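In what follows, a structure is listed as structure tokens, so that the remarks can point back to it.
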Amino acid sequence: MSQTEHVMGLPVLFVVEDPLLPALGDAIAWLQEVDRRFSTYRADSEISALNRGELTAAELHPMVAAVLERCAQLRADTDGFFDIAAPYLVPAAAANAAPAPGRGRAGSVDPSGYVKGWAVASAMARLRHAGAENVAIYAGGDIVVHGHPEDGEPWRIGIEHPRERDRIALAVALRDGAVATSGTAARGAHIIDPHTGAAPQGLLSVTIIGPQLATADVYATAAFAMGADRAAQWCAGLDGYEAVLICEDDTVLSTPGVAPLRVA
């Protein structure tokens with residue numbers, strides 16, 4: 001069965017080969033709870049209250065505090081290219097960075113670059129705990145899979161060409177893992193280099209393939225923020241994760257571990 005739910009500001013598609021309707025409802029309720037706590041587009045979320053100065057870090061729900069702590073760790077792991085304060089930087093004004101108009105006060109954060117992948121991965125964990133053996137979840141460029149579709153073959157996941165939206169740049173086959181893509185195709189130039197406040201150069205998209213969706217999502221965002229030259233070198237050094245970079249000249253670069261996953 002397949003079911004699409006609009007939650008966290010985007011359609012989330014569940015493809016479940018096992019009859020687990022109650023568990024699916026639990027997974028959807030979980031995503032709705034995450035949206036209530038973390039959305040920067042909801043005035044009543046904890047993140048919005050934090051950004052307005054109405055909550056202190058000590059007053060946050062432990063789950064929210066743990067996510068912000070993990071985001072701080074990932075900022076260090078990515079040399080600062082994943083930074084939950086980055087959406088509030090004014091381009092070309094990094095030295096005196098201020099929140100974008102109407103988005104909060106100085107020091108505001110937007111952890112959605114981590115939260116989406118983390119929430120979807122947690123929804124998958126709930127389905128698997130309930131007994132699901134064959135399931136895929138797709139959420140706006142993020143995909144996590146386990147098992148296989150009804151034909152018994154691995155899940156086939158197409159990586160969309162960012163310039164030609166009706167064409168697949170390449171496809172990979174996975175039985176257990178995650179794929180996350182960051183780029184400008186869906187949302188325009190929304191990713192900046194947190195160190196300069198400028199838009200990165202040379203890339204159309206970065207796709208990361210690996211075991212954990214939240215980490216893959218963060219790595220994709222960070223690599224895109226680096227720009228083409230630095231991203232290629234950085235992705236080559238990732239441990240346990242593979243990368244596909246589509247450059248502005250339509251060149252497709254990939255780490256060695258992508259080749260065994262590719263399908264025609």
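For the structure tokens, the naming scheme is as follows: chains receive sequential letters (A, B, ...) according to their order of presentation, residues are indexed from 1 within each chain, and ligands are indexed from 1 in presentation order.
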
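Those residues that approach Cys247 of chain A to within 8 Å, counting only C-alpha atoms, are Gly202, Leu203, Leu204, Ser205, Ala228, Asp250, Thr251, Val252 and Leu253 of chain A; same-chain residues fewer than 3 positions away are not listed.
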
Same residues, N, CA, C and O atoms, saved as a PDB file, in the first residue's frame:
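File produced: out-v7.pdb:
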```
ATOM      1  N   GLY A 202      29.251  26.540  -8.343  1.00  0.00           N
ATOM      2  CA  GLY A 202      29.739  25.369  -9.064  1.00  0.00           C
ATOM      3  C   GLY A 202      28.901  24.125  -8.975  1.00  0.00           C
ATOM      4  O   GLY A 202      29.159  23.153  -9.694  1.00  0.00           O
ATOM      5  N   LEU A 203      27.884  24.100  -8.119  1.00  0.00           N
ATOM      6  CA  LEU A 203      27.077  22.895  -7.939  1.00  0.00           C
ATOM      7  C   LEU A 203      25.609  23.157  -8.223  1.00  0.00           C
ATOM      8  O   LEU A 203      25.080  24.228  -7.926  1.00  0.00           O
ATOM      9  N   LEU A 204      24.956  22.128  -8.788  1.00  0.00           N
ATOM     10  CA  LEU A 204      23.501  22.131  -8.929  1.00  0.00           C
ATOM     11  C   LEU A 204      22.848  21.307  -7.835  1.00  0.00           C
ATOM     12  O   LEU A 204      21.769  21.646  -7.358  1.00  0.00           O
ATOM     13  N   SER A 205      23.484  20.206  -7.443  1.00  0.00           N
ATOM     14  CA  SER A 205      22.942  19.385  -6.369  1.00  0.00           C
ATOM     15  C   SER A 205      24.022  18.478  -5.798  1.00  0.00           C
ATOM     16  O   SER A 205      25.026  18.190  -6.453  1.00  0.00           O
ATOM     17  N   ALA A 228      31.686  23.613  -5.354  1.00  0.00           N
ATOM     18  CA  ALA A 228      32.126  22.422  -6.077  1.00  0.00           C
ATOM     19  C   ALA A 228      33.512  21.934  -5.670  1.00  0.00           C
ATOM     20  O   ALA A 228      33.705  20.746  -5.394  1.00  0.00           O
ATOM     21  N   ASP A 250      27.064  20.440 -15.795  1.00  0.00           N
ATOM     22  CA  ASP A 250      26.401  19.147 -15.995  1.00  0.00           C
ATOM     23  C   ASP A 250      27.325  17.946 -15.798  1.00  0.00           C
ATOM     24  O   ASP A 250      26.930  16.808 -16.048  1.00  0.00           O
ATOM     25  N   THR A 251      28.546  18.166 -15.351  1.00  0.00           N
ATOM     26  CA  THR A 251      29.417  17.057 -14.975  1.00  0.00           C
ATOM     27  C   THR A 251      28.851  16.363 -13.744  1.00  0.00           C
ATOM     28  O   THR A 251      28.379  17.018 -12.807  1.00  0.00           O
ATOM     29  N   VAL A 252      28.880  15.037 -13.756  1.00  0.00           N
ATOM     30  CA  VAL A 252      28.427  14.249 -12.606  1.00  0.00           C
ATOM     31  C   VAL A 252      29.638  13.584 -11.965  1.00  0.00           C
ATOM     32  O   VAL A 252      30.332  12.786 -12.606  1.00  0.00           O
ATOM     33  N   LEU A 253      29.922  13.945 -10.717  1.00  0.00           N
ATOM     34  CA  LEU A 253      31.024  13.360  -9.964  1.00  0.00           C
ATOM     35  C   LEU A 253      30.454  12.433  -8.899  1.00  0.00           C
ATOM     36  O   LEU A 253      29.408  12.729  -8.314  1.00  0.00           O
TER      37      LEU A 253
END
```

With segment 121-125 of chain A as the partner and 9 Å as the cut-off, tabulate the residues of segment 182-236 of chain A that qualify, each row holding the nearest pair of atoms and their distance in Å to one decimal, using only C-alpha atoms, sorted by chain and rising number, as a tab-separated table.
```
residue	atom	partner	partner_atom	distance
A:Gln212	CA	A:Ala121	CA	7.5
A:Leu213	CA	A:Ala121	CA	6.1
A:Ala214	CA	A:Ala121	CA	7.0
```

Given only C-alpha atoms as the basis, pick out the residue of A:Asp142, A:Asp229, A:Asp18, A:Asp83 nearest to Ala119 of chain A.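 Going through A:Asp142, A:Asp229, A:Asp18, A:Asp83 one by one, the smallest distance to Ala119 of chain A is for A:Asp142.
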
Taking only C-alpha atoms into account, name the residue in A:Val145, A:Ala65, A:Ala222, A:Val120 that is nearest to Trp30 of chain A. A:Val120

Enumerate the residues of segment 10-229 of chain A with a DSSP assignment of helix (DSSP H, G or I), computed from the backbone, and present them as a VMD selection string. chain A and resid 21 to 38 46 to 51 57 to 59 62 to 77 86 to 88 94 to 96 112 to 129 213 to 226 228 to 229

Selection: 6 Å around Ile143 of chain A, only C-alpha atoms, excl. self and same-chain fewer than 3 positions, as a PyMOL selection string: chain A and resi 137-138+178-179

For Val135 of chain A, list every protein, DNA or RNA residue within 6 Å, evaluated using only C-alpha atoms, and leave out those in the same chain fewer than 5 positions away; present the list as a short mmCIF file (atom, residue, chain, number, x, y, z; two decimals) with N, CA and C atoms, in the first residue's frame.
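File out-v2.cif, as written:
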```
data_model
loop_
_atom_site.label_atom_id
_atom_site.label_comp_id
_atom_site.auth_asym_id
_atom_site.auth_seq_id
_atom_site.Cartn_x
_atom_site.Cartn_y
_atom_site.Cartn_z
N VAL A 15 5.43 3.95 1.41
CA VAL A 15 5.16 2.76 0.62
C VAL A 15 5.45 1.57 1.53
N VAL A 16 4.40 0.86 1.94
CA VAL A 16 4.53 -0.21 2.92
C VAL A 16 4.01 -1.50 2.30
N VAL A 145 14.84 3.55 3.09
CA VAL A 145 14.22 2.29 2.66
C VAL A 145 14.72 1.14 3.53
N HIS A 146 13.89 0.10 3.57
CA HIS A 146 14.28 -1.14 4.23
C HIS A 146 13.59 -2.29 3.51
#
```

Residue neighbourhood Pro111 of chain A, 9 Å, only C-alpha atoms, exclusion window fewer than 5 positions, as number ranges by chain: A: 38-40, 47, 67-68, 71, 83-85, 116

When you count only C-alpha atoms, which of these residues is closest to Val12 of chain A: A:Phe81, A:Ala139, A:Glu242, A:Tyr219? A:Ala139

Taking 4 positions as the minimum chain separation for residues in the same chain, which residues sit within 8 Å of segment 42-46 of chain A when counting only C-alpha atoms? Answer as a list of chain:residue names.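 Surrounding residues, per the criterion: A:Asp35, A:Arg36, A:Arg37, A:Phe38, A:Leu50, A:Leu55, A:Leu60, A:Val64.
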
For the residues in that selection, give me all heavy atoms as an mmCIF file, in the first residue's frame.
```cif
data_model
loop_
_atom_site.group_PDB
_atom_site.id
_atom_site.type_symbol
_atom_site.label_atom_id
_atom_site.label_comp_id
_atom_site.auth_asym_id
_atom_site.auth_seq_id
_atom_site.Cartn_x
_atom_site.Cartn_y
_atom_site.Cartn_z
ATOM 1 N N ASP A 35 6.609 18.408 13.846
ATOM 2 C CA ASP A 35 6.273 19.686 13.217
ATOM 3 C C ASP A 35 5.811 20.696 14.267
ATOM 4 O O ASP A 35 6.209 21.867 14.228
ATOM 5 C CB ASP A 35 5.180 19.466 12.170
ATOM 6 C CG ASP A 35 4.916 20.704 11.341
ATOM 7 O OD1 ASP A 35 5.879 21.271 10.796
ATOM 8 O OD2 ASP A 35 3.745 21.124 11.246
ATOM 9 N N ARG A 36 5.004 20.243 15.215
ATOM 10 C CA ARG A 36 4.515 21.159 16.261
ATOM 11 C C ARG A 36 5.654 21.701 17.117
ATOM 12 O O ARG A 36 5.597 22.842 17.565
ATOM 13 C CB ARG A 36 3.499 20.427 17.155
ATOM 14 C CG ARG A 36 2.135 20.221 16.520
ATOM 15 C CD ARG A 36 1.100 19.796 17.553
ATOM 16 N NE ARG A 36 1.433 18.506 18.160
ATOM 17 C CZ ARG A 36 1.022 17.340 17.692
ATOM 18 N NH1 ARG A 36 0.295 17.278 16.591
ATOM 19 N NH2 ARG A 36 1.342 16.216 18.320
ATOM 20 N N ARG A 37 6.677 20.915 17.329
ATOM 21 C CA ARG A 37 7.767 21.358 18.196
ATOM 22 C C ARG A 37 8.838 22.160 17.462
ATOM 23 O O ARG A 37 9.442 23.062 18.035
ATOM 24 C CB ARG A 37 8.425 20.151 18.869
ATOM 25 C CG ARG A 37 7.551 19.455 19.893
ATOM 26 C CD ARG A 37 8.344 18.468 20.721
ATOM 27 N NE ARG A 37 7.501 17.737 21.652
ATOM 28 C CZ ARG A 37 7.126 18.188 22.852
ATOM 29 N NH1 ARG A 37 7.528 19.380 23.256
ATOM 30 N NH2 ARG A 37 6.360 17.450 23.629
ATOM 31 N N PHE A 38 9.082 21.843 16.193
ATOM 32 C CA PHE A 38 10.266 22.356 15.517
ATOM 33 C C PHE A 38 10.003 23.346 14.380
ATOM 34 O O PHE A 38 10.941 24.021 13.949
ATOM 35 C CB PHE A 38 11.101 21.198 14.960
ATOM 36 C CG PHE A 38 11.783 20.365 16.008
ATOM 37 C CD1 PHE A 38 11.196 19.219 16.492
ATOM 38 C CD2 PHE A 38 13.019 20.749 16.508
ATOM 39 C CE1 PHE A 38 11.824 18.441 17.458
ATOM 40 C CE2 PHE A 38 13.657 19.979 17.471
ATOM 41 C CZ PHE A 38 13.053 18.824 17.949
ATOM 42 N N LEU A 50 11.635 29.944 21.141
ATOM 43 C CA LEU A 50 13.054 30.151 21.451
ATOM 44 C C LEU A 50 13.602 31.328 20.670
ATOM 45 O O LEU A 50 14.313 32.190 21.217
ATOM 46 C CB LEU A 50 13.833 28.878 21.127
ATOM 47 C CG LEU A 50 15.348 28.937 21.320
ATOM 48 C CD1 LEU A 50 15.698 29.025 22.795
ATOM 49 C CD2 LEU A 50 16.017 27.704 20.694
ATOM 50 N N LEU A 55 11.372 31.452 25.322
ATOM 51 C CA LEU A 55 11.863 30.253 25.997
ATOM 52 C C LEU A 55 13.379 30.327 26.064
ATOM 53 O O LEU A 55 14.021 30.829 25.138
ATOM 54 C CB LEU A 55 11.465 28.985 25.241
ATOM 55 C CG LEU A 55 10.049 28.433 25.385
ATOM 56 C CD1 LEU A 55 9.909 27.185 24.518
ATOM 57 C CD2 LEU A 55 9.713 28.102 26.831
ATOM 58 N N LEU A 60 13.517 24.143 27.194
ATOM 59 C CA LEU A 60 13.097 23.349 26.049
ATOM 60 C C LEU A 60 12.809 21.910 26.450
ATOM 61 O O LEU A 60 13.400 21.378 27.400
ATOM 62 C CB LEU A 60 14.184 23.367 24.976
ATOM 63 C CG LEU A 60 14.473 24.701 24.310
ATOM 64 C CD1 LEU A 60 15.690 24.578 23.401
ATOM 65 C CD2 LEU A 60 13.261 25.188 23.515
ATOM 66 N N VAL A 64 13.891 18.447 22.091
ATOM 67 C CA VAL A 64 14.330 19.623 21.330
ATOM 68 C C VAL A 64 15.760 19.975 21.707
ATOM 69 O O VAL A 64 16.598 20.262 20.845
ATOM 70 C CB VAL A 64 13.386 20.818 21.582
ATOM 71 C CG1 VAL A 64 13.860 22.035 20.812
ATOM 72 C CG2 VAL A 64 11.949 20.459 21.179
#
```

Would you mind listing what lies within 9 Å of Ala225 of chain A as a list in words, with only C-alpha atoms counted and same-chain residues fewer than 2 positions away left out?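 Near neighbours after the sequence-gap exclusion: Phe81, Phe82, Ile191, Ile192, Asp193, Pro194, Ala199, Pro200, Gln201, Ala220, Thr221, Ala222, Ala223, Gly227, Ala228 and Ala231 of chain A.
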
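The residue that comes closest to His6 of chain A, out of A:Arg262, A:Gly140, A:Leu24, A:Glu69 and on the basis of only C-alpha atoms, is A:Gly140.
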
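One finds atom CA of Ala243 of chain A at 9.4 Å from atom CA of Ala216 of chain A.
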
Would you please work out which residue, of A:Asp217, A:Glu153, A:Glu133, A:Glu54, is nearest to Val263 of chain A when using only C-alpha atoms? A:Glu153
